[in-house]
$ cat run.cif   # mmCIF, C-alpha atoms and all ligand atoms; chains and numbers go by the auth columns
data_coords
#
loop_
_atom_site.group_PDB
_atom_site.id
_atom_site.type_symbol
_atom_site.label_atom_id
_atom_site.label_comp_id
_atom_site.label_asym_id
_atom_site.label_seq_id
_atom_site.Cartn_x
_atom_site.Cartn_y
_atom_site.Cartn_z
_atom_site.B_iso_or_equiv
_atom_site.auth_seq_id
_atom_site.auth_asym_id
ATOM 1 C CA MET A 1 10.816 -6.984 22.104 0.00 1 A
ATOM 2 C CA ASP A 2 12.079 -10.385 23.062 0.00 2 A
ATOM 3 C CA GLN A 3 15.451 -11.337 21.694 0.00 3 A
ATOM 4 C CA PHE A 4 17.777 -14.223 22.110 0.00 4 A
ATOM 5 C CA PRO A 5 20.600 -13.278 24.513 0.00 5 A
ATOM 6 C CA GLU A 6 23.210 -13.822 21.801 0.00 6 A
ATOM 7 C CA THR A 7 21.295 -11.500 19.439 0.00 7 A
ATOM 8 C CA GLU A 8 21.220 -8.767 22.061 0.00 8 A
ATOM 9 C CA GLY A 9 24.934 -9.286 22.722 0.00 9 A
ATOM 10 C CA PHE A 10 25.689 -9.053 19.013 0.00 10 A
ATOM 11 C CA LEU A 11 23.635 -5.861 18.643 0.00 11 A
ATOM 12 C CA THR A 12 25.454 -4.321 21.602 0.00 12 A
ATOM 13 C CA ALA A 13 28.805 -5.257 20.060 0.00 13 A
ATOM 14 C CA ILE A 14 27.747 -3.578 16.799 0.00 14 A
ATOM 15 C CA GLN A 15 26.671 -0.422 18.673 0.00 15 A
ATOM 16 C CA ASP A 16 29.980 -0.375 20.526 0.00 16 A
ATOM 17 C CA GLN A 17 31.804 -1.062 17.243 0.00 17 A
ATOM 18 C CA VAL A 18 33.690 -4.030 18.611 0.00 18 A
ATOM 19 C CA ILE A 19 32.976 -6.307 15.673 0.00 19 A
ATOM 20 C CA LEU A 20 35.904 -7.975 13.977 0.00 20 A
ATOM 21 C CA THR A 21 35.946 -5.861 10.837 0.00 21 A
ATOM 22 C CA SER A 22 39.097 -5.384 8.789 0.00 22 A
ATOM 23 C CA ASN A 23 39.259 -1.803 10.049 0.00 23 A
ATOM 24 C CA TYR A 24 39.049 -3.021 13.664 0.00 24 A
ATOM 25 C CA LYS A 25 41.776 -5.613 13.091 0.00 25 A
ATOM 26 C CA LYS A 26 44.128 -3.038 11.585 0.00 26 A
ATOM 27 C CA TYR A 27 43.583 -0.035 13.888 0.00 27 A
ATOM 28 C CA ILE A 28 42.353 -1.451 17.210 0.00 28 A
ATOM 29 C CA LEU A 29 43.974 -4.880 17.365 0.00 29 A
ATOM 30 C CA LYS A 30 46.926 -3.576 15.309 0.00 30 A
ATOM 31 C CA GLN A 31 47.317 -6.881 13.522 0.00 31 A
ATOM 32 C CA PRO A 32 50.228 -6.710 11.085 0.00 32 A
ATOM 33 C CA ASN A 33 49.673 -7.117 7.351 0.00 33 A
ATOM 34 C CA THR A 34 45.956 -6.453 7.668 0.00 34 A
ATOM 35 C CA ASP A 35 44.123 -4.802 4.824 0.00 35 A
ATOM 36 C CA LYS A 36 41.627 -2.265 6.197 0.00 36 A
ATOM 37 C CA LEU A 37 39.468 -2.369 3.076 0.00 37 A
ATOM 38 C CA CYS A 38 36.030 -3.953 2.843 0.00 38 A
ATOM 39 C CA ARG A 39 36.200 -7.646 1.969 0.00 39 A
ATOM 40 C CA ARG A 40 33.137 -7.222 -0.264 0.00 40 A
ATOM 41 C CA CYS A 41 33.908 -4.199 -2.414 0.00 41 A
ATOM 42 C CA GLY A 42 37.572 -3.595 -1.598 0.00 42 A
ATOM 43 C CA LYS A 43 37.110 0.165 -2.027 0.00 43 A
ATOM 44 C CA GLU A 44 36.371 1.639 1.418 0.00 44 A
ATOM 45 C CA PRO A 45 37.606 0.872 4.943 0.00 45 A
ATOM 46 C CA GLU A 46 35.564 -1.990 6.388 0.00 46 A
ATOM 47 C CA ALA A 47 33.944 -0.229 9.375 0.00 47 A
ATOM 48 C CA ILE A 48 30.484 -0.843 10.847 0.00 48 A
ATOM 49 C CA GLN A 49 29.062 2.248 9.112 0.00 49 A
ATOM 50 C CA HIS A 50 30.341 1.017 5.761 0.00 50 A
ATOM 51 C CA ILE A 51 28.940 -2.496 6.214 0.00 51 A
ATOM 52 C CA THR A 52 25.516 -1.379 7.444 0.00 52 A
ATOM 53 C CA ALA A 53 24.853 1.461 5.027 0.00 53 A
ATOM 54 C CA ALA A 54 27.540 2.349 2.505 0.00 54 A
ATOM 55 C CA CYS A 55 28.920 -0.700 0.689 0.00 55 A
ATOM 56 C CA GLU A 56 28.154 -0.513 -3.011 0.00 56 A
ATOM 57 C CA GLN A 57 28.206 -4.313 -3.254 0.00 57 A
ATOM 58 C CA LEU A 58 25.501 -4.673 -0.593 0.00 58 A
ATOM 59 C CA ALA A 59 23.292 -1.755 -1.664 0.00 59 A
ATOM 60 C CA PRO A 60 21.430 -3.433 -4.564 0.00 60 A
ATOM 61 C CA THR A 61 20.683 -6.607 -2.606 0.00 61 A
ATOM 62 C CA LYS A 62 20.900 -6.614 1.188 0.00 62 A
ATOM 63 C CA TYR A 63 20.023 -2.944 1.794 0.00 63 A
ATOM 64 C CA THR A 64 17.054 -3.115 -0.567 0.00 64 A
ATOM 65 C CA LYS A 65 15.794 -6.289 1.106 0.00 65 A
ATOM 66 C CA ARG A 66 16.160 -4.697 4.566 0.00 66 A
ATOM 67 C CA HIS A 67 14.452 -1.490 3.402 0.00 67 A
ATOM 68 C CA ASP A 68 11.537 -3.305 1.782 0.00 68 A
ATOM 69 C CA GLY A 69 11.137 -5.563 4.818 0.00 69 A
ATOM 70 C CA VAL A 70 10.601 -2.563 7.084 0.00 70 A
ATOM 71 C CA ALA A 71 8.554 -0.578 4.556 0.00 71 A
ATOM 72 C CA LYS A 72 6.089 -3.418 3.969 0.00 72 A
ATOM 73 C CA VAL A 73 5.276 -3.561 7.703 0.00 73 A
ATOM 74 C CA ILE A 74 4.490 0.173 7.589 0.00 74 A
ATOM 75 C CA HIS A 75 2.502 -0.351 4.368 0.00 75 A
ATOM 76 C CA GLN A 76 0.371 -3.075 5.950 0.00 76 A
ATOM 77 C CA LYS A 77 -0.424 -1.015 9.071 0.00 77 A
ATOM 78 C CA LEU A 78 -1.267 2.105 7.054 0.00 78 A
ATOM 79 C CA ALA A 79 -3.421 0.095 4.646 0.00 79 A
ATOM 80 C CA GLU A 80 -5.322 -1.463 7.568 0.00 80 A
ATOM 81 C CA ALA A 81 -5.849 1.945 9.197 0.00 81 A
ATOM 82 C CA ALA A 82 -7.123 3.435 5.922 0.00 82 A
ATOM 83 C CA GLU A 83 -9.399 0.394 5.428 0.00 83 A
ATOM 84 C CA LEU A 84 -7.699 -0.453 2.169 0.00 84 A
ATOM 85 C CA ILE A 85 -7.116 -4.084 3.173 0.00 85 A
ATOM 86 C CA GLU A 86 -8.722 -6.552 5.510 0.00 86 A
ATOM 87 C CA ASP A 87 -5.755 -8.910 5.464 0.00 87 A
ATOM 88 C CA LYS A 88 -4.496 -9.308 9.033 0.00 88 A
ATOM 89 C CA SER A 89 -1.933 -11.974 8.192 0.00 89 A
ATOM 90 C CA SER A 90 1.574 -11.840 9.571 0.00 90 A
ATOM 91 C CA TYR A 91 3.834 -9.197 8.057 0.00 91 A
ATOM 92 C CA CYS A 92 6.101 -12.059 6.971 0.00 92 A
ATOM 93 C CA ARG A 93 3.448 -13.223 4.509 0.00 93 A
ATOM 94 C CA TYR A 94 2.201 -9.789 3.498 0.00 94 A
ATOM 95 C CA THR A 95 2.909 -8.620 -0.042 0.00 95 A
ATOM 96 C CA PRO A 96 2.001 -4.982 -0.704 0.00 96 A
ATOM 97 C CA ALA A 97 -0.158 -4.288 -3.760 0.00 97 A
ATOM 98 C CA ILE A 98 1.289 -1.697 -6.158 0.00 98 A
ATOM 99 C CA VAL A 99 -1.880 0.409 -5.843 0.00 99 A
ATOM 100 C CA LEU A 100 -4.681 0.238 -3.269 0.00 100 A
ATOM 101 C CA GLU A 101 -7.681 2.514 -3.482 0.00 101 A
ATOM 102 C CA ASN A 102 -11.040 3.131 -1.858 0.00 102 A
ATOM 103 C CA ASP A 103 -13.359 6.156 -1.775 0.00 103 A
ATOM 104 C CA ASN A 104 -11.141 8.063 0.655 0.00 104 A
ATOM 105 C CA PHE A 105 -7.563 6.930 0.137 0.00 105 A
ATOM 106 C CA LYS A 106 -5.094 5.848 -2.495 0.00 106 A
ATOM 107 C CA MET A 107 -1.888 4.092 -1.603 0.00 107 A
ATOM 108 C CA TYR A 108 1.166 3.278 -3.687 0.00 108 A
ATOM 109 C CA TRP A 109 4.008 0.858 -3.203 0.00 109 A
ATOM 110 C CA ASN A 110 7.368 1.155 -4.983 0.00 110 A
ATOM 111 C CA ARG A 111 5.927 3.448 -7.606 0.00 111 A
ATOM 112 C CA ASN A 112 8.223 5.671 -9.635 0.00 112 A
ATOM 113 C CA ILE A 113 7.327 9.338 -9.587 0.00 113 A
ATOM 114 C CA ILE A 114 7.725 11.473 -12.678 0.00 114 A
ATOM 115 C CA THR A 115 9.187 14.831 -11.767 0.00 115 A
ATOM 116 C CA ASP A 116 10.021 17.956 -13.756 0.00 116 A
ATOM 117 C CA LYS A 117 13.506 17.980 -12.337 0.00 117 A
ATOM 118 C CA LYS A 118 15.460 14.721 -12.532 0.00 118 A
ATOM 119 C CA ILE A 119 15.988 13.179 -9.094 0.00 119 A
ATOM 120 C CA LEU A 120 17.664 9.859 -8.345 0.00 120 A
ATOM 121 C CA ALA A 121 15.400 8.722 -5.485 0.00 121 A
ATOM 122 C CA ASN A 122 12.077 8.932 -7.311 0.00 122 A
ATOM 123 C CA ARG A 123 10.405 5.870 -5.831 0.00 123 A
ATOM 124 C CA CYS A 124 7.951 6.298 -2.962 0.00 124 A
ATOM 125 C CA ASP A 125 7.148 3.400 -0.705 0.00 125 A
ATOM 126 C CA PRO A 126 4.667 3.390 0.824 0.00 126 A
ATOM 127 C CA ASN A 127 2.768 6.536 -0.075 0.00 127 A
ATOM 128 C CA LEU A 128 -0.709 7.106 1.342 0.00 128 A
ATOM 129 C CA MET A 129 -2.797 9.913 -0.095 0.00 129 A
ATOM 130 C CA ASN A 130 -6.106 11.369 1.061 0.00 130 A
ATOM 131 C CA LYS A 131 -8.129 11.582 -2.175 0.00 131 A
ATOM 132 C CA LYS A 132 -10.459 14.294 -0.899 0.00 132 A
ATOM 133 C CA ASN A 133 -7.831 16.959 -0.165 0.00 133 A
ATOM 134 C CA LYS A 134 -4.871 15.436 -2.065 0.00 134 A
ATOM 135 C CA ASP A 135 -2.764 15.453 1.088 0.00 135 A
ATOM 136 C CA HIS A 136 0.036 12.960 1.355 0.00 136 A
ATOM 137 C CA ILE A 137 -0.552 11.457 4.771 0.00 137 A
ATOM 138 C CA PHE A 138 2.491 9.242 4.680 0.00 138 A
ATOM 139 C CA ASP A 139 5.275 9.951 2.269 0.00 139 A
ATOM 140 C CA ARG A 140 8.437 8.316 3.508 0.00 140 A
ATOM 141 C CA HIS A 141 10.845 9.981 1.131 0.00 141 A
ATOM 142 C CA SER A 142 9.195 13.412 0.948 0.00 142 A
ATOM 143 C CA CYS A 143 8.500 12.905 -2.714 0.00 143 A
ATOM 144 C CA PRO A 144 6.936 15.674 -4.758 0.00 144 A
ATOM 145 C CA LYS A 145 3.174 15.555 -5.086 0.00 145 A
ATOM 146 C CA TYR A 146 1.625 13.600 -7.886 0.00 146 A
ATOM 147 C CA THR A 147 0.134 15.641 -10.654 0.00 147 A
HETATM 148 ZN ZN ZN B . 32.216 -2.518 0.800 0.00 1 P
#
$ encode --input "run.cif" --output "structure tokens"
Amino acid sequence: MDQFPETEGFLTAIQDQVILTSNYKKYILKQPNTDKLCRRCGKEPEAIQHITAACEQLAPTKYTKRHDGVAKVIHQKLAEAAELIEDKSSYCRYTPAIVLENDNFKMYWNRNIITDKKILANRCDPNLMNKKNKDHIFDRHSCPKYT
């Protein structure tokens, strides 16, 4: 994948955890009077892991947008392979349908699953099912089978 040199440099810095987070300033640079807490939520130390996956302030917006951006690319490719869509437009312009269906397959996007036991992550996206044998071909979150 082609990247701008500065993007690659930034990604490498993130992997090496040499980004100027509050945690880095306090413990690596040992800057005096530095608060190690996240500047967004103010509850956890501002480390790379917190910023990329654990900040409660970012979870409902940025993480969801990132998740859906990746999941819709997978949705489009699966839907093409299952002959559920003919749309070959760029993934940037692709909007997954909530339900796609043909004689062989049924595919869901961001559909809540009703379970006997209450689970918090009850939304499957995307979920491709073979209608003939009821097998879940792609089930990103290992959701229970539909009834
Ligand atoms: Zn935070």
$ closest_atom_pairs --input "run.cif" --of "chain A" --to "ligand ZN 1 (chain P)" --cutoff "9 Å" --atoms "only C-alpha atoms and all ligand atoms" --output "JSON lines"
{"residue": "A:Leu37", "atom": "CA", "partner": "P:ZN1", "partner_atom": "ZN", "distance": 7.6}
{"residue": "A:Cys38", "atom": "CA", "partner": "P:ZN1", "partner_atom": "ZN", "distance": 4.6}
{"residue": "A:Arg39", "atom": "CA", "partner": "P:ZN1", "partner_atom": "ZN", "distance": 6.6}
{"residue": "A:Arg40", "atom": "CA", "partner": "P:ZN1", "partner_atom": "ZN", "distance": 4.9}
{"residue": "A:Cys41", "atom": "CA", "partner": "P:ZN1", "partner_atom": "ZN", "distance": 4.0}
{"residue": "A:Gly42", "atom": "CA", "partner": "P:ZN1", "partner_atom": "ZN", "distance": 6.0}
{"residue": "A:Lys43", "atom": "CA", "partner": "P:ZN1", "partner_atom": "ZN", "distance": 6.3}
{"residue": "A:Glu44", "atom": "CA", "partner": "P:ZN1", "partner_atom": "ZN", "distance": 5.9}
{"residue": "A:Pro45", "atom": "CA", "partner": "P:ZN1", "partner_atom": "ZN", "distance": 7.6}
{"residue": "A:Glu46", "atom": "CA", "partner": "P:ZN1", "partner_atom": "ZN", "distance": 6.5}
{"residue": "A:His50", "atom": "CA", "partner": "P:ZN1", "partner_atom": "ZN", "distance": 6.4}
{"residue": "A:Ile51", "atom": "CA", "partner": "P:ZN1", "partner_atom": "ZN", "distance": 6.3}
{"residue": "A:Ala54", "atom": "CA", "partner": "P:ZN1", "partner_atom": "ZN", "distance": 7.0}
{"residue": "A:Cys55", "atom": "CA", "partner": "P:ZN1", "partner_atom": "ZN", "distance": 3.8}
{"residue": "A:Glu56", "atom": "CA", "partner": "P:ZN1", "partner_atom": "ZN", "distance": 5.9}
{"residue": "A:Gln57", "atom": "CA", "partner": "P:ZN1", "partner_atom": "ZN", "distance": 6.0}
{"residue": "A:Leu58", "atom": "CA", "partner": "P:ZN1", "partner_atom": "ZN", "distance": 7.2}
$ resolve_selection --input "run.cif" --expression "the PyMOL selection byres (((chain A and resi 90) around 12) and not hetatm)" --output "list of chain:residue names"
A:Lys72, A:Val73, A:Gln76, A:Lys77, A:Asp87, A:Lys88, A:Ser89, A:Tyr91, A:Cys92, A:Arg93, A:Tyr94, A:Thr95
$ write_last_selection --input "run.cif" --atoms "C-alpha atoms" --output "PDB file, in the frame of the given file"
ATOM      1  CA  LYS A  72       6.089  -3.418   3.969  1.00  0.00           C
ATOM      2  CA  VAL A  73       5.276  -3.561   7.703  1.00  0.00           C
ATOM      3  CA  GLN A  76       0.371  -3.075   5.950  1.00  0.00           C
ATOM      4  CA  LYS A  77      -0.424  -1.015   9.071  1.00  0.00           C
ATOM      5  CA  ASP A  87      -5.755  -8.910   5.464  1.00  0.00           C
ATOM      6  CA  LYS A  88      -4.496  -9.308   9.033  1.00  0.00           C
ATOM      7  CA  SER A  89      -1.933 -11.974   8.192  1.00  0.00           C
ATOM      8  CA  TYR A  91       3.834  -9.197   8.057  1.00  0.00           C
ATOM      9  CA  CYS A  92       6.101 -12.059   6.971  1.00  0.00           C
ATOM     10  CA  ARG A  93       3.448 -13.223   4.509  1.00  0.00           C
ATOM     11  CA  TYR A  94       2.201  -9.789   3.498  1.00  0.00           C
ATOM     12  CA  THR A  95       2.909  -8.620  -0.042  1.00  0.00           C
TER      13      THR A  95
END
$ atom_distance --input "run.cif" --atom1 "CA of Asp68 in chain A" --atom2 "CA of Asp125 in chain A"
8.4 Å
$ atom_distance --input "run.cif" --atom1 "CA of Gln17 in chain A" --atom2 "CA of Ile48 in chain A"
6.5 Å
$ closest_residue --input "run.cif" --among "A:Lys25, A:Asn133, A:Glu86, A:Phe4" --to "Phe105 in chain A" --atoms "only C-alpha atoms"
A:Asn133
$ resolve_selection --input "run.cif" --expression "the PyMOL selection byres (((chain A and resi 132) around 9) and not hetatm)" --output "ChimeraX atom specification"
/A:103-105,129-131,133-135
$ closest_residue --input "run.cif" --among "A:Tyr27, A:Pro126, A:Ala53, A:Arg66" --to "Ala79 in chain A" --atoms "only C-alpha atoms"
A:Pro126
$ atom_distance --input "run.cif" --atom1 "CA of Pro96 in chain A" --atom2 "CA of Ala59 in chain A"
21.6 Å
$ resolve_selection --input "run.cif" --expression "the PyMOL selection byres (((chain A and resi 19) around 12) and not hetatm)" --output "ChimeraX atom specification"
/A:9-18,20-25,28-29,46-49,51
$ decode --input "run.cif" --residues "range 4-62 of chain A" --atoms "C-alpha atoms" --output "tab-separated table (two decimals), in the first residue's frame"
chain	number	residue	atom	x	y	z
A	4	PHE	CA	2.95	9.36	2.12
A	5	PRO	CA	6.38	9.27	3.81
A	6	GLU	CA	5.10	11.37	6.72
A	7	THR	CA	2.19	8.95	7.24
A	8	GLU	CA	4.56	6.00	7.39
A	9	GLY	CA	6.80	7.91	9.81
A	10	PHE	CA	3.83	8.73	12.01
A	11	LEU	CA	2.65	5.10	12.02
A	12	THR	CA	6.15	3.95	12.97
A	13	ALA	CA	6.24	6.49	15.80
A	14	ILE	CA	2.89	5.17	17.07
A	15	GLN	CA	4.16	1.56	16.93
A	16	ASP	CA	7.30	2.58	18.80
A	17	GLN	CA	5.16	4.58	21.25
A	18	VAL	CA	7.15	7.75	20.81
A	19	ILE	CA	4.16	10.02	20.38
A	20	LEU	CA	3.91	13.06	22.60
A	21	THR	CA	1.17	11.79	24.89
A	22	SER	CA	0.75	13.10	28.42
A	23	ASN	CA	2.03	9.76	29.70
A	24	TYR	CA	5.15	10.06	27.50
A	25	LYS	CA	5.79	13.62	28.68
A	26	LYS	CA	5.55	12.62	32.34
A	27	TYR	CA	7.44	9.30	32.37
A	28	ILE	CA	9.83	9.40	29.40
A	29	LEU	CA	10.61	13.10	29.02
A	30	LYS	CA	10.12	13.59	32.78
A	31	GLN	CA	8.62	17.02	32.28
A	32	PRO	CA	7.74	18.56	35.64
A	33	ASN	CA	4.15	19.39	36.53
A	34	THR	CA	2.79	17.16	33.78
A	35	ASP	CA	-0.54	15.46	34.25
A	36	LYS	CA	-0.36	11.90	32.91
A	37	LEU	CA	-4.12	11.66	32.42
A	38	CYS	CA	-5.90	11.65	29.08
A	39	ARG	CA	-6.69	15.16	27.85
A	40	ARG	CA	-10.05	13.90	26.54
A	41	CYS	CA	-11.56	11.96	29.42
A	42	GLY	CA	-9.18	12.82	32.26
A	43	LYS	CA	-9.68	9.38	33.81
A	44	GLU	CA	-6.90	7.11	32.52
A	45	PRO	CA	-3.21	7.65	31.70
A	46	GLU	CA	-2.89	9.04	28.18
A	47	ALA	CA	-0.91	6.23	26.51
A	48	ILE	CA	-1.15	5.03	22.91
A	49	GLN	CA	-3.26	2.02	23.92
A	50	HIS	CA	-5.72	4.28	25.72
A	51	ILE	CA	-6.02	6.72	22.80
A	52	THR	CA	-6.42	4.04	20.12
A	53	ALA	CA	-8.81	1.70	21.90
A	54	ALA	CA	-9.85	2.53	25.45
A	55	CYS	CA	-10.93	6.16	25.86
A	56	GLU	CA	-14.58	6.37	26.84
A	57	GLN	CA	-14.86	9.80	25.22
A	58	LEU	CA	-13.69	8.47	21.84
A	59	ALA	CA	-15.57	5.15	21.89
A	60	PRO	CA	-19.03	6.39	20.82
A	61	THR	CA	-17.69	8.52	17.96
A	62	LYS	CA	-14.20	7.90	16.59
